[in-house]
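Here is the structure we will look at, set down as structure tokens.
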Amino acid sequence: MDETALQRDFDATIDADDRIEPRDWMPDAYRQTLIRQIAQHAHSEIIGMQPEGNWITRAPSLKRKAILMAKVQDEAGHGLYLYSAAETLGVSRDELLDKLHTGRQRYSSIFNYPTITWADMGAIGWLVDGAAIMNQVPLCRCSYGPYARAMIRICKEESFHQRQGFELLLTLSNGTAEQKAMAQDAVNRWWWPSLMMFGPPDSESTHSEQSMRWGIKRFSNDELRQRFVDASVPQAEILGLTLPDPQLRFNSETGHYEYGDIDWSEFKRILAGDGPCNAQRMAHRVKAHTDGAWVREAAAAYADKRAAREEGAA
Amino acid sequence: MIPLATYALRLGDDALVLTQRLSEWSSRAPELEEDVALTNIGLDLLGQARVLLSYAGELEGEGRTEDDLAYLRDEREFTNVQLVEQPNGDFGVTIARQLLFSVYQLLVYGDLRASSDPTLAAVAGKAVKEVAYHVDHAEQWTRRLGDGTEESHDRMQAGIDAMWPFVAELFESDDLVAELAAAGVAVDPASVQAEWDRRVDAVLADATLTRPTPTWRARGGRSGVHSEHMGFLLAEMQHLHRSHPGATW
Ligand SMILES: [Fe+2]
Ligand SMILES: [Fe+2]
């Protein structure tokens, strides 16, 4: 088949809302867009282990310690599913990790904020995992089969994380005055960065249109952000906590909550590297990888020796 | 505490303190699969610790919960062996510690399944399956590192050498354990030493590693005398809980 016919088949698959599978022909730009997006998502999962891992050894009850360990472990698992999905597009995990470590690929900027109190574990679960779910649920219907399937597994676990985060905050909010203040402070710090997780406003978003056409993106940044705000406000009320936005109000005509202006200069600044933890997260990640090099080399050498021995015996 | 509660606490403290160390690996492991594996092992141990600490509190009958025992005891009241509190070091040290401890725990839990105390027997029955995986994990890595590259061989040997002085303490008995063992409730650790030697020696040989002859040995963990590392481990683990007396989390 010539390129035009292949492109026609591809377009037909997309239009029919069917899945593209690894062996199917696909335009190179589609492949590259997916690789970039899946890689960034995978990197976010594994960098996201750091801010929460920060509190595992200090968790204030054994039950919470178990929940947090399991959550951070889930994030490692999400990284694994996503690197595997990216591998079906022809890039290895090593290659992608190298791009992360050398700053050629990004991870979500949200993880460049520090987790400075225990309540941050609740705020991250409730807001950050909550925003991630909003972004990710539509990806369960993404046109690329392996990515869509990975997202189905991931979303199930993320919604579990969100409930646990909410429950953690609720316990603090109903606890002592100090605990409640800790919860409120965490929500104050994480609310605006969570809104930024949906990306720049639609008027400035660069990749959106093509990604919509390809069935990689289903809703615009602003649509998803609005959904998130609409879902979060009533939840904050149940928590007995306020959201740090004096302009937040319900518009009975639109049926949506209106919110104040997002400080996009902060977003851009952190994206450009000037966030409180950018350098720390990268250094931590690179150190883990570098410190582990001798272990990975040993595993490979051992596997080779064994294979050689088996061959010799056969 | 009555002897049975003290015994349950010893087993629980071993598991809890090792969980604390293993959880320090989170986001720092040599590869993602290993991050998942080390956390899995930590979670198994934490599960064991929670049941054992709760049981010790119940037997004591003074209303102390698992969290009271984990967070509100001071260093001298912790009865774990010193091996489990040793710092992670590099991956070779961690694997050495895992190998030496997991094989011991597997053998103890294996025999404890026959305990006349139904709770301990049930805990052991569940734990023995988990620990069988921990042993498998540690043995495989010991072979890979020992028989991998020159560097990994040296590091694995260094890990075994560094952890070996803490082995003798594992098999120490005292009046409390001896009496409970005679009553069919506990396992006298001395009784599993021969099997431990056989199993660990076999792995070391397979991995081209040498069994060390240490010049000193640790003492005192079971009576609350610990290495200097323990205070920092507890300070980190307990500080938040203790900063909010009486709070619910
Ligand atoms: Fe995740
Ligand atoms: Fe999550």
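We label chains A, B, ... in the order they appear in the structure tokens, count residues from 1 in each chain, and number ligands from 1 in the order shown.
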Inset, instruction - Report as a ChimeraX atom specification which protein, DNA and RNA residues come within 12 Å of ligand 1, using only C-alpha atoms and all ligand atoms. - result: /A:41-49,52,70-82,108,124-125,128-133,135-136,150-162
Inset, instruction - Dump as a VMD selection string the residues of chain A that approach chain B to within 7 Å, counting only C-alpha atoms. - result: chain A and resid 49 to 50 53 56 to 58 60 to 62 66 69 73 76 171 to 172 175 to 176 288 to 289 291 to 296 298 to 299 301 to 302
Legend entry - Those of region 128-247 of chain A in DSSP helix (DSSP H, G or I), formatted as a ChimeraX atom specification: /A:128-141,145-173,177-196,202-204,208-213,221-239
Legend entry - From A:Leu139, A:Met134, A:Val286, A:Glu167, residue lying nearest Glu223 (chain A) [only C-alpha atoms]: A:Met134
Legend entry - Within 12 Å of Ala114 (chain B) using only C-alpha atoms, minus same-chain residues under 6 positions, as a PyMOL selection string: chain B and resi 108+120-125+181+183-187
Inset, instruction - Could you jot down the CA of Tyr55 (chain B) to CA of Gly221 (chain B) separation for me, Å, one decimal place? - result: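 Rounded to one decimal, the two atoms are 20.7 Å apart.
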Inset, instruction - Quick one: pull the distance between CA of Ala205 (chain B) and CA of Val135 (chain B), Å, one decimal. - result: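 Distance between the two atoms: 16.1 Å.
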List the spatial neighbours of Asp197 (chain B) as a PDB file with N, CA and C atoms, in the first residue's frame - criterion: any atom at most 12 Å away, only C-alpha atoms, same-chain residues fewer than 6 positions off excluded.
ATOM      1  N   LEU B  99      19.155 -11.073  53.218  1.00  0.00           N
ATOM      2  CA  LEU B  99      19.436 -12.510  53.139  1.00  0.00           C
ATOM      3  C   LEU B  99      19.547 -13.097  54.546  1.00  0.00           C
ATOM      4  N   LEU B 100      20.388 -12.479  55.368  1.00  0.00           N
ATOM      5  CA  LEU B 100      20.658 -13.026  56.697  1.00  0.00           C
ATOM      6  C   LEU B 100      19.388 -13.026  57.541  1.00  0.00           C
ATOM      7  N   VAL B 103      16.193 -15.429  55.909  1.00  0.00           N
ATOM      8  CA  VAL B 103      16.340 -16.876  56.098  1.00  0.00           C
ATOM      9  C   VAL B 103      16.025 -17.227  57.560  1.00  0.00           C
ATOM     10  N   TYR B 104      16.533 -16.406  58.466  1.00  0.00           N
ATOM     11  CA  TYR B 104      16.245 -16.605  59.896  1.00  0.00           C
ATOM     12  C   TYR B 104      14.742 -16.535  60.158  1.00  0.00           C
ATOM     13  N   LEU B 107      12.750 -19.555  58.916  1.00  0.00           N
ATOM     14  CA  LEU B 107      12.878 -20.765  59.737  1.00  0.00           C
ATOM     15  C   LEU B 107      12.106 -20.613  61.048  1.00  0.00           C
ATOM     16  N   VAL B 167      24.922 -11.462  63.151  1.00  0.00           N
ATOM     17  CA  VAL B 167      24.252 -12.753  62.971  1.00  0.00           C
ATOM     18  C   VAL B 167      24.104 -13.501  64.293  1.00  0.00           C
ATOM     19  N   ALA B 168      25.163 -13.512  65.100  1.00  0.00           N
ATOM     20  CA  ALA B 168      25.148 -14.339  66.311  1.00  0.00           C
ATOM     21  C   ALA B 168      23.953 -13.997  67.196  1.00  0.00           C
ATOM     22  N   PHE B 171      20.481 -15.865  67.022  1.00  0.00           N
ATOM     23  CA  PHE B 171      20.265 -17.220  67.536  1.00  0.00           C
ATOM     24  C   PHE B 171      20.386 -17.304  69.052  1.00  0.00           C
ATOM     25  N   ALA B 190      17.931 -20.808  68.709  1.00  0.00           N
ATOM     26  CA  ALA B 190      19.116 -21.676  68.599  1.00  0.00           C
ATOM     27  C   ALA B 190      18.785 -22.943  67.813  1.00  0.00           C
ATOM     28  N   SER B 191      17.515 -23.343  67.873  1.00  0.00           N
ATOM     29  CA  SER B 191      17.141 -24.602  67.219  1.00  0.00           C
ATOM     30  C   SER B 191      17.121 -24.507  65.693  1.00  0.00           C
ATOM     31  N   VAL B 203      23.985 -20.596  49.533  1.00  0.00           N
ATOM     32  CA  VAL B 203      23.832 -19.421  48.662  1.00  0.00           C
ATOM     33  C   VAL B 203      25.163 -18.705  48.483  1.00  0.00           C
ATOM     34  N   LEU B 204      25.898 -18.559  49.577  1.00  0.00           N
ATOM     35  CA  LEU B 204      27.195 -17.877  49.485  1.00  0.00           C
ATOM     36  C   LEU B 204      28.117 -18.618  48.509  1.00  0.00           C
ATOM     37  N   ALA B 205      28.130 -19.935  48.614  1.00  0.00           N
ATOM     38  CA  ALA B 205      29.000 -20.723  47.732  1.00  0.00           C
ATOM     39  C   ALA B 205      28.587 -20.527  46.274  1.00  0.00           C
ATOM     40  N   ARG B 211      32.196 -16.979  53.448  1.00  0.00           N
ATOM     41  CA  ARG B 211      31.609 -16.776  54.769  1.00  0.00           C
ATOM     42  C   ARG B 211      32.635 -16.101  55.666  1.00  0.00           C
TER      43      ARG B 211
END
Inset, instruction - Might you pull out every residue within 12 Å of Lys99 (chain A), with only C-alpha atoms counted and same-chain residues fewer than 4 positions away left off, and present them as a PyMOL selection string? - result: chain A and resi 35-36+39-40+43+91-95+103-107+282+286
Okay, now the selection with N, CA, C and O atoms, as a short mmCIF file (atom, residue, chain, number, x, y, z; two decimals), in the first residue's frame?
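The result, stored in selection.cif:
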data_model
loop_
_atom_site.label_atom_id
_atom_site.label_comp_id
_atom_site.auth_asym_id
_atom_site.auth_seq_id
_atom_site.Cartn_x
_atom_site.Cartn_y
_atom_site.Cartn_z
N ILE A 35 4.76 9.48 21.91
CA ILE A 35 5.98 9.19 22.68
C ILE A 35 6.24 10.32 23.67
O ILE A 35 6.49 10.08 24.85
N ARG A 36 6.12 11.55 23.17
CA ARG A 36 6.39 12.70 24.05
C ARG A 36 5.41 12.73 25.22
O ARG A 36 5.79 12.89 26.38
N ALA A 39 5.85 9.58 27.58
CA ALA A 39 7.10 9.71 28.33
C ALA A 39 6.94 10.73 29.45
O ALA A 39 7.32 10.47 30.60
N GLN A 40 6.37 11.87 29.13
CA GLN A 40 6.19 12.89 30.16
C GLN A 40 5.30 12.37 31.29
O GLN A 40 5.56 12.63 32.46
N HIS A 43 7.41 9.85 33.32
CA HIS A 43 8.39 10.57 34.15
C HIS A 43 7.68 11.19 35.35
O HIS A 43 8.23 11.20 36.46
N VAL A 91 10.53 3.09 21.47
CA VAL A 91 11.58 3.72 22.29
C VAL A 91 11.75 2.92 23.57
O VAL A 91 10.78 2.52 24.20
N SER A 92 12.99 2.72 23.98
CA SER A 92 13.24 1.93 25.17
C SER A 92 13.12 2.79 26.43
O SER A 92 13.24 4.02 26.37
N ARG A 93 12.91 2.13 27.56
CA ARG A 93 12.85 2.85 28.83
C ARG A 93 14.18 3.57 29.11
O ARG A 93 14.18 4.70 29.56
N ASP A 94 15.29 2.89 28.79
CA ASP A 94 16.61 3.50 29.02
C ASP A 94 16.75 4.83 28.28
O ASP A 94 17.26 5.81 28.83
N GLU A 95 16.31 4.81 27.03
CA GLU A 95 16.38 6.02 26.21
C GLU A 95 15.57 7.15 26.85
O GLU A 95 16.03 8.29 26.94
N GLY A 103 17.41 16.34 31.05
CA GLY A 103 16.55 17.52 30.92
C GLY A 103 15.95 17.71 29.54
O GLY A 103 15.42 18.78 29.24
N ARG A 104 15.99 16.67 28.69
CA ARG A 104 15.42 16.84 27.35
C ARG A 104 13.94 16.48 27.31
O ARG A 104 13.25 16.74 26.34
N GLN A 105 13.44 15.81 28.37
CA GLN A 105 12.00 15.58 28.49
C GLN A 105 11.56 16.02 29.87
O GLN A 105 12.35 16.02 30.81
N ARG A 106 10.28 16.38 29.95
CA ARG A 106 9.78 16.97 31.19
C ARG A 106 8.96 16.00 32.01
O ARG A 106 8.57 14.93 31.55
N TYR A 107 8.67 16.41 33.22
CA TYR A 107 7.67 15.76 34.06
C TYR A 107 6.75 16.86 34.56
O TYR A 107 7.07 18.06 34.42
N MET A 282 15.55 16.40 40.32
CA MET A 282 16.41 15.84 39.28
C MET A 282 17.65 15.20 39.90
O MET A 282 18.05 14.11 39.51
N VAL A 286 18.63 11.35 39.42
CA VAL A 286 19.89 10.99 38.76
C VAL A 286 20.78 10.20 39.71
O VAL A 286 21.43 9.22 39.33
#
Inset, instruction - List every residue of region 217-267 of chain A that DSSP, applied to the backbone, labels as strand (DSSP E or B), and write the result as number ranges by chain. - result: A: 249-251, 256-258
Writing out the chosen residues with all heavy atoms as a compact mmCIF listing (two decimals), in the first residue's frame:
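Result file selection35.txt:
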# COMPACT_ATOMS: atom_id res chain seq x y z
N ARG A 249 -17.10 31.56 43.12
CA ARG A 249 -18.53 31.64 43.39
C ARG A 249 -19.31 30.85 42.35
O ARG A 249 -18.85 30.66 41.21
CB ARG A 249 -19.01 33.09 43.42
CG ARG A 249 -18.93 33.82 42.10
CD ARG A 249 -19.62 35.18 42.13
NE ARG A 249 -19.92 35.61 40.77
CZ ARG A 249 -21.10 35.44 40.16
NH1 ARG A 249 -22.13 34.89 40.80
NH2 ARG A 249 -21.29 35.84 38.91
N PHE A 250 -20.48 30.40 42.75
CA PHE A 250 -21.31 29.60 41.85
C PHE A 250 -22.11 30.51 40.94
O PHE A 250 -22.73 31.46 41.39
CB PHE A 250 -22.25 28.70 42.67
CG PHE A 250 -22.98 27.70 41.83
CD1 PHE A 250 -22.29 26.66 41.22
CD2 PHE A 250 -24.35 27.81 41.63
CE1 PHE A 250 -22.96 25.73 40.43
CE2 PHE A 250 -25.03 26.87 40.83
CZ PHE A 250 -24.33 25.83 40.24
N ASN A 251 -22.05 30.22 39.67
CA ASN A 251 -22.83 30.97 38.69
C ASN A 251 -24.05 30.12 38.33
O ASN A 251 -23.94 29.10 37.67
CB ASN A 251 -21.96 31.24 37.45
CG ASN A 251 -22.70 32.04 36.39
OD1 ASN A 251 -23.92 31.93 36.25
ND2 ASN A 251 -21.95 32.86 35.66
N HIS A 256 -21.81 26.50 36.72
CA HIS A 256 -20.41 26.23 37.05
C HIS A 256 -19.90 27.21 38.10
O HIS A 256 -20.46 28.29 38.27
CB HIS A 256 -19.54 26.37 35.80
CG HIS A 256 -19.83 25.33 34.76
ND1 HIS A 256 -19.58 23.99 34.96
CD2 HIS A 256 -20.37 25.44 33.52
CE1 HIS A 256 -19.93 23.32 33.88
NE2 HIS A 256 -20.44 24.17 32.99
N TYR A 257 -18.80 26.81 38.74
CA TYR A 257 -18.13 27.73 39.65
C TYR A 257 -17.18 28.62 38.86
O TYR A 257 -16.43 28.13 38.00
CB TYR A 257 -17.35 26.97 40.72
CG TYR A 257 -18.24 26.39 41.79
CD1 TYR A 257 -18.76 25.10 41.66
CD2 TYR A 257 -18.59 27.13 42.92
CE1 TYR A 257 -19.60 24.57 42.61
CE2 TYR A 257 -19.42 26.60 43.89
CZ TYR A 257 -19.93 25.32 43.74
OH TYR A 257 -20.76 24.79 44.68
N GLU A 258 -17.22 29.91 39.15
CA GLU A 258 -16.24 30.82 38.56
C GLU A 258 -15.05 30.91 39.52
O GLU A 258 -15.24 30.89 40.73
CB GLU A 258 -16.86 32.21 38.38
CG GLU A 258 -17.91 32.22 37.28
CD GLU A 258 -18.70 33.53 37.23
OE1 GLU A 258 -18.43 34.41 38.08
OE2 GLU A 258 -19.57 33.64 36.36
